[in-house]
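Note sheet for the following structure.
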Amino acid sequence: MAQKKIVQTAGRTQLGEFAPEFAHLNDDILFGEVWSRNDLLSLRDRSLVTLTSLISQGMTDSSLTFHLQEAKKNGITRTEISEIITHIAFYAGWPKAWAAFRLAKEVWTKASNTDDAKARFLQEMIFPIGEPNTAYAQYFKGDSHLAPIAPKNLSADEKTIQGYSNVTFEPGCRNNWHIHHGAHQILICVSGKGWYQEWGKPAIPLQAGDIIDIPEDVKHWHGAQADSWFQHLATHAKTSGEERNEWLEPVSDEEYFKLK
């Protein structure tokens, strides 16, 4: 069965104005057509061919790192990449293999550490992680998950009107600056480490057990710390007038990574 078409934008992002035709060939032909012919070769097979070609040429720049990352996504394990590069070494040269191993080790070690951190976080959780938060993804930097939570003693009809949500932020994820009109929000932190910040005030570090009460009409944001998953329950109490969220600008990387 053919897999869905590969979508690539790196060419236009990096070279769109300087070399638009090259960007078109890279994004639309190489990835949009050649890599997308998965009824002929699987993505895993294409990763193997591409890695062999790049390593044999002695390519050790960002292109090799990218394709090592893609190979990992396409199912090549750490044990397999070790054997693949070892095999290539006898045909392409020992120094090229050493250089490739340096990048491969970084890619697979980082992936392993990320997987381990998620596994530890899942063991700590008492609430479900939920589904990808696609409905609000445009207001978040990074990946988040959303799960509705309802009191166990309520009827099905009552549960549908309760405003409880469990929000899980992956490391580095945060929502945009925003304002709640007509209601104040309460955050109950249940796992991991996060941040809460009101406009013009220092950010507050959060951990399990912390509670944040956010008054209406206060500009703020909240999310995970850079090196930790984070989960909080969110609910709200209506005050007066129309109840709505006003979504504003993202929290920039410069602002975020200054937090300690």
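If you're wondering about the labels, chains in the structure tokens are A, B, ... by order shown, residues count from 1 in each chain, ligands from 1 in order shown.
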* To do: Extract, using only C-alpha atoms, all DNA, RNA and protein residues at most 8 Å from Leu51 in chain A, discarding same-chain residues fewer than 4 positions from it, and format them as a VMD selection string.
  => chain A and resid 47 55 64 67 to 68
Could you save the residues just selected, with all heavy atoms, as a PDB file, in the first residue's frame?
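And here's part25.pdb as it stands now:
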ATOM      1  N   SER A  47      15.678   5.350   2.755  1.00  0.00           N
ATOM      2  CA  SER A  47      16.630   5.848   3.748  1.00  0.00           C
ATOM      3  C   SER A  47      17.946   5.093   3.678  1.00  0.00           C
ATOM      4  O   SER A  47      19.022   5.694   3.751  1.00  0.00           O
ATOM      5  CB  SER A  47      16.033   5.731   5.154  1.00  0.00           C
ATOM      6  OG  SER A  47      15.072   6.733   5.387  1.00  0.00           O
ATOM      7  N   ILE A  55      27.105   8.798   2.949  1.00  0.00           N
ATOM      8  CA  ILE A  55      28.286   8.387   3.716  1.00  0.00           C
ATOM      9  C   ILE A  55      29.437   8.034   2.782  1.00  0.00           C
ATOM     10  O   ILE A  55      30.604   8.365   3.040  1.00  0.00           O
ATOM     11  CB  ILE A  55      27.941   7.207   4.644  1.00  0.00           C
ATOM     12  CG1 ILE A  55      26.942   7.660   5.709  1.00  0.00           C
ATOM     13  CG2 ILE A  55      29.201   6.646   5.315  1.00  0.00           C
ATOM     14  CD1 ILE A  55      26.360   6.527   6.543  1.00  0.00           C
ATOM     15  N   LEU A  64      23.291  14.924   6.119  1.00  0.00           N
ATOM     16  CA  LEU A  64      23.406  13.577   6.672  1.00  0.00           C
ATOM     17  C   LEU A  64      22.649  13.483   7.998  1.00  0.00           C
ATOM     18  O   LEU A  64      21.963  12.487   8.254  1.00  0.00           O
ATOM     19  CB  LEU A  64      24.869  13.179   6.861  1.00  0.00           C
ATOM     20  CG  LEU A  64      25.097  11.776   7.444  1.00  0.00           C
ATOM     21  CD1 LEU A  64      24.437  10.705   6.583  1.00  0.00           C
ATOM     22  CD2 LEU A  64      26.583  11.487   7.607  1.00  0.00           C
ATOM     23  N   HIS A  67      18.992  13.077   7.233  1.00  0.00           N
ATOM     24  CA  HIS A  67      18.604  11.750   6.734  1.00  0.00           C
ATOM     25  C   HIS A  67      18.797  10.660   7.782  1.00  0.00           C
ATOM     26  O   HIS A  67      18.098   9.637   7.740  1.00  0.00           O
ATOM     27  CB  HIS A  67      19.365  11.438   5.446  1.00  0.00           C
ATOM     28  CG  HIS A  67      18.789  12.144   4.251  1.00  0.00           C
ATOM     29  ND1 HIS A  67      17.572  11.799   3.699  1.00  0.00           N
ATOM     30  CD2 HIS A  67      19.243  13.203   3.529  1.00  0.00           C
ATOM     31  CE1 HIS A  67      17.309  12.605   2.679  1.00  0.00           C
ATOM     32  NE2 HIS A  67      18.297  13.462   2.545  1.00  0.00           N
ATOM     33  N   LEU A  68      19.706  10.861   8.721  1.00  0.00           N
ATOM     34  CA  LEU A  68      19.795   9.931   9.848  1.00  0.00           C
ATOM     35  C   LEU A  68      18.539  10.039  10.711  1.00  0.00           C
ATOM     36  O   LEU A  68      17.985   9.028  11.156  1.00  0.00           O
ATOM     37  CB  LEU A  68      21.042  10.239  10.683  1.00  0.00           C
ATOM     38  CG  LEU A  68      22.388   9.841  10.068  1.00  0.00           C
ATOM     39  CD1 LEU A  68      23.533  10.488  10.845  1.00  0.00           C
ATOM     40  CD2 LEU A  68      22.562   8.319  10.059  1.00  0.00           C
TER      41      LEU A  68
END
* Asked: What residues in range 25-257 of chain A get the DSSP label strand (DSSP E or B)? Please answer as a ChimeraX atom specification.
  -> /A:131-132,140-141,144-148,165-169,174-175,178-181,183-198,204-207,211-214,220-224,230-238,244-247
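Listed by chain and then by rising number, the residues of range 118-246 of chain A that DSSP assigns to alpha helix (DSSP H) from the backbone are Lys118, Ala119, Arg120, Phe121, Leu122, Gln123, Glu124, Ala156, Asp157, Glu158, Lys159 and Thr160 of chain A.
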* Asked: For the atom pair CA of Phe230 in chain A and CA of Val167 in chain A, what is the interatomic distance in Å to one decimal place?
  -> 8.3 Å
Who sits within 12 Å of range 235-245 of chain A, only C-alpha atoms, same chain under 3 positions skipped, as a JSON list (two decimals) with N, CA and C atoms, in the first residue's frame:
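Generated output (selection_12.json):
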[["chain", "number", "residue", "atom", "x", "y", "z"],
["A", 136, "TYR", "N", -6.28, 23.34, 18.97],
["A", 136, "TYR", "CA", -5.65, 24.57, 19.45],
["A", 136, "TYR", "C", -4.17, 24.65, 19.05],
["A", 139, "TYR", "N", -2.28, 27.86, 18.40],
["A", 139, "TYR", "CA", -1.99, 28.76, 19.52],
["A", 139, "TYR", "C", -0.89, 28.22, 20.44],
["A", 148, "PRO", "N", -10.33, 15.38, 27.98],
["A", 148, "PRO", "CA", -11.41, 15.89, 28.83],
["A", 148, "PRO", "C", -11.50, 15.06, 30.12],
["A", 149, "ILE", "N", -11.76, 15.74, 31.23],
["A", 149, "ILE", "CA", -11.90, 15.09, 32.53],
["A", 149, "ILE", "C", -13.25, 15.46, 33.11],
["A", 150, "ALA", "N", -13.98, 14.48, 33.63],
["A", 150, "ALA", "CA", -15.30, 14.77, 34.20],
["A", 150, "ALA", "C", -15.47, 14.06, 35.54],
["A", 161, "ILE", "N", -21.20, 19.47, 30.07],
["A", 161, "ILE", "CA", -21.17, 20.92, 30.30],
["A", 161, "ILE", "C", -20.09, 21.32, 31.31],
["A", 162, "GLN", "N", -19.36, 20.36, 31.83],
["A", 162, "GLN", "CA", -18.32, 20.67, 32.79],
["A", 162, "GLN", "C", -17.04, 21.09, 32.06],
["A", 163, "GLY", "N", -16.39, 22.13, 32.56],
["A", 163, "GLY", "CA", -15.21, 22.66, 31.86],
["A", 163, "GLY", "C", -13.90, 22.17, 32.45],
["A", 164, "TYR", "N", -13.69, 20.86, 32.48],
["A", 164, "TYR", "CA", -12.45, 20.30, 32.98],
["A", 164, "TYR", "C", -11.64, 19.74, 31.82],
["A", 165, "SER", "N", -10.36, 20.04, 31.79],
["A", 165, "SER", "CA", -9.49, 19.49, 30.74],
["A", 165, "SER", "C", -8.13, 19.14, 31.35],
["A", 166, "ASN", "N", -7.55, 18.09, 30.85],
["A", 166, "ASN", "CA", -6.17, 17.74, 31.22],
["A", 166, "ASN", "C", -5.29, 18.07, 30.03],
["A", 167, "VAL", "N", -4.34, 18.97, 30.23],
["A", 167, "VAL", "CA", -3.45, 19.40, 29.15],
["A", 167, "VAL", "C", -2.04, 18.90, 29.44],
["A", 176, "ASN", "N", 0.49, 30.39, 23.47],
["A", 176, "ASN", "CA", 0.71, 31.81, 23.21],
["A", 176, "ASN", "C", 0.26, 32.64, 24.41],
["A", 177, "TRP", "N", 0.70, 33.87, 24.45],
["A", 177, "TRP", "CA", 0.10, 34.83, 25.36],
["A", 177, "TRP", "C", -1.40, 34.87, 25.06],
["A", 178, "HIS", "N", -2.21, 34.91, 26.09],
["A", 178, "HIS", "CA", -3.65, 34.97, 25.86],
["A", 178, "HIS", "C", -4.36, 35.57, 27.08],
["A", 179, "ILE", "N", -5.63, 35.89, 26.89],
["A", 179, "ILE", "CA", -6.45, 36.51, 27.92],
["A", 179, "ILE", "C", -7.79, 35.78, 27.97],
["A", 180, "HIS", "N", -8.27, 35.48, 29.18],
["A", 180, "HIS", "CA", -9.60, 34.92, 29.38],
["A", 180, "HIS", "C", -10.56, 36.06, 29.74],
["A", 181, "HIS", "N", -11.55, 36.26, 28.91],
["A", 181, "HIS", "CA", -12.57, 37.28, 29.18],
["A", 181, "HIS", "C", -13.83, 36.60, 29.72],
["A", 182, "GLY", "N", -14.43, 37.18, 30.73],
["A", 182, "GLY", "CA", -15.67, 36.66, 31.26],
["A", 182, "GLY", "C", -15.52, 35.46, 32.18],
["A", 183, "ALA", "N", -14.29, 35.09, 32.53],
["A", 183, "ALA", "CA", -14.08, 33.94, 33.41],
["A", 183, "ALA", "C", -12.66, 34.00, 33.96],
["A", 184, "HIS", "N", -12.44, 33.40, 35.11],
["A", 184, "HIS", "CA", -11.08, 33.21, 35.56],
["A", 184, "HIS", "C", -10.77, 31.72, 35.52],
["A", 185, "GLN", "N", -9.52, 31.39, 35.27],
["A", 185, "GLN", "CA", -9.09, 30.00, 35.07],
["A", 185, "GLN", "C", -8.28, 29.53, 36.26],
["A", 186, "ILE", "N", -8.38, 28.24, 36.56],
["A", 186, "ILE", "CA", -7.59, 27.62, 37.61],
["A", 186, "ILE", "C", -6.79, 26.47, 37.00],
["A", 187, "LEU", "N", -5.49, 26.46, 37.26],
["A", 187, "LEU", "CA", -4.61, 25.39, 36.81],
["A", 187, "LEU", "C", -4.17, 24.58, 38.02],
["A", 188, "ILE", "N", -4.29, 23.26, 37.95],
["A", 188, "ILE", "CA", -3.84, 22.36, 39.01],
["A", 188, "ILE", "C", -2.74, 21.48, 38.41],
["A", 189, "CYS", "N", -1.51, 21.71, 38.82],
["A", 189, "CYS", "CA", -0.37, 21.00, 38.24],
["A", 189, "CYS", "C", -0.29, 19.59, 38.83],
["A", 211, "ILE", "N", -0.88, 25.19, 42.38],
["A", 211, "ILE", "CA", -2.15, 25.67, 41.84],
["A", 211, "ILE", "C", -1.98, 27.13, 41.43],
["A", 212, "ILE", "N", -2.50, 27.46, 40.26],
["A", 212, "ILE", "CA", -2.46, 28.83, 39.75],
["A", 212, "ILE", "C", -3.89, 29.32, 39.52],
["A", 213, "ASP", "N", -4.22, 30.48, 40.07],
["A", 213, "ASP", "CA", -5.52, 31.11, 39.85],
["A", 213, "ASP", "C", -5.29, 32.32, 38.93],
["A", 214, "ILE", "N", -5.91, 32.30, 37.76],
["A", 214, "ILE", "CA", -5.68, 33.33, 36.75],
["A", 214, "ILE", "C", -6.91, 34.22, 36.65],
["A", 215, "PRO", "N", -6.83, 35.47, 37.11],
["A", 215, "PRO", "CA", -7.99, 36.37, 37.05],
["A", 215, "PRO", "C", -8.40, 36.64, 35.60],
["A", 216, "GLU", "N", -9.64, 37.03, 35.42],
["A", 216, "GLU", "CA", -10.08, 37.38, 34.08],
["A", 216, "GLU", "C", -9.34, 38.64, 33.60],
["A", 217, "ASP", "N", -9.21, 38.74, 32.28],
["A", 217, "ASP", "CA", -8.62, 39.90, 31.62],
["A", 217, "ASP", "C", -7.13, 40.09, 31.92],
["A", 218, "VAL", "N", -6.45, 39.04, 32.37],
["A", 218, "VAL", "CA", -5.01, 39.11, 32.64],
["A", 218, "VAL", "C", -4.26, 38.39, 31.51],
["A", 219, "LYS", "N", -3.34, 39.08, 30.87],
["A", 219, "LYS", "CA", -2.54, 38.50, 29.80],
["A", 219, "LYS", "C", -1.50, 37.56, 30.40],
["A", 220, "HIS", "N", -1.40, 36.32, 29.88],
["A", 220, "HIS", "CA", -0.52, 35.32, 30.49],
["A", 220, "HIS", "C", -0.23, 34.20, 29.50],
["A", 232, "HIS", "N", -1.15, 19.67, 33.46],
["A", 232, "HIS", "CA", -2.01, 20.32, 34.45],
["A", 232, "HIS", "C", -3.48, 20.13, 34.08],
["A", 248, "LEU", "N", -3.14, 35.75, 21.58],
["A", 248, "LEU", "CA", -2.23, 36.82, 21.18],
["A", 248, "LEU", "C", -0.94, 36.25, 20.62]]
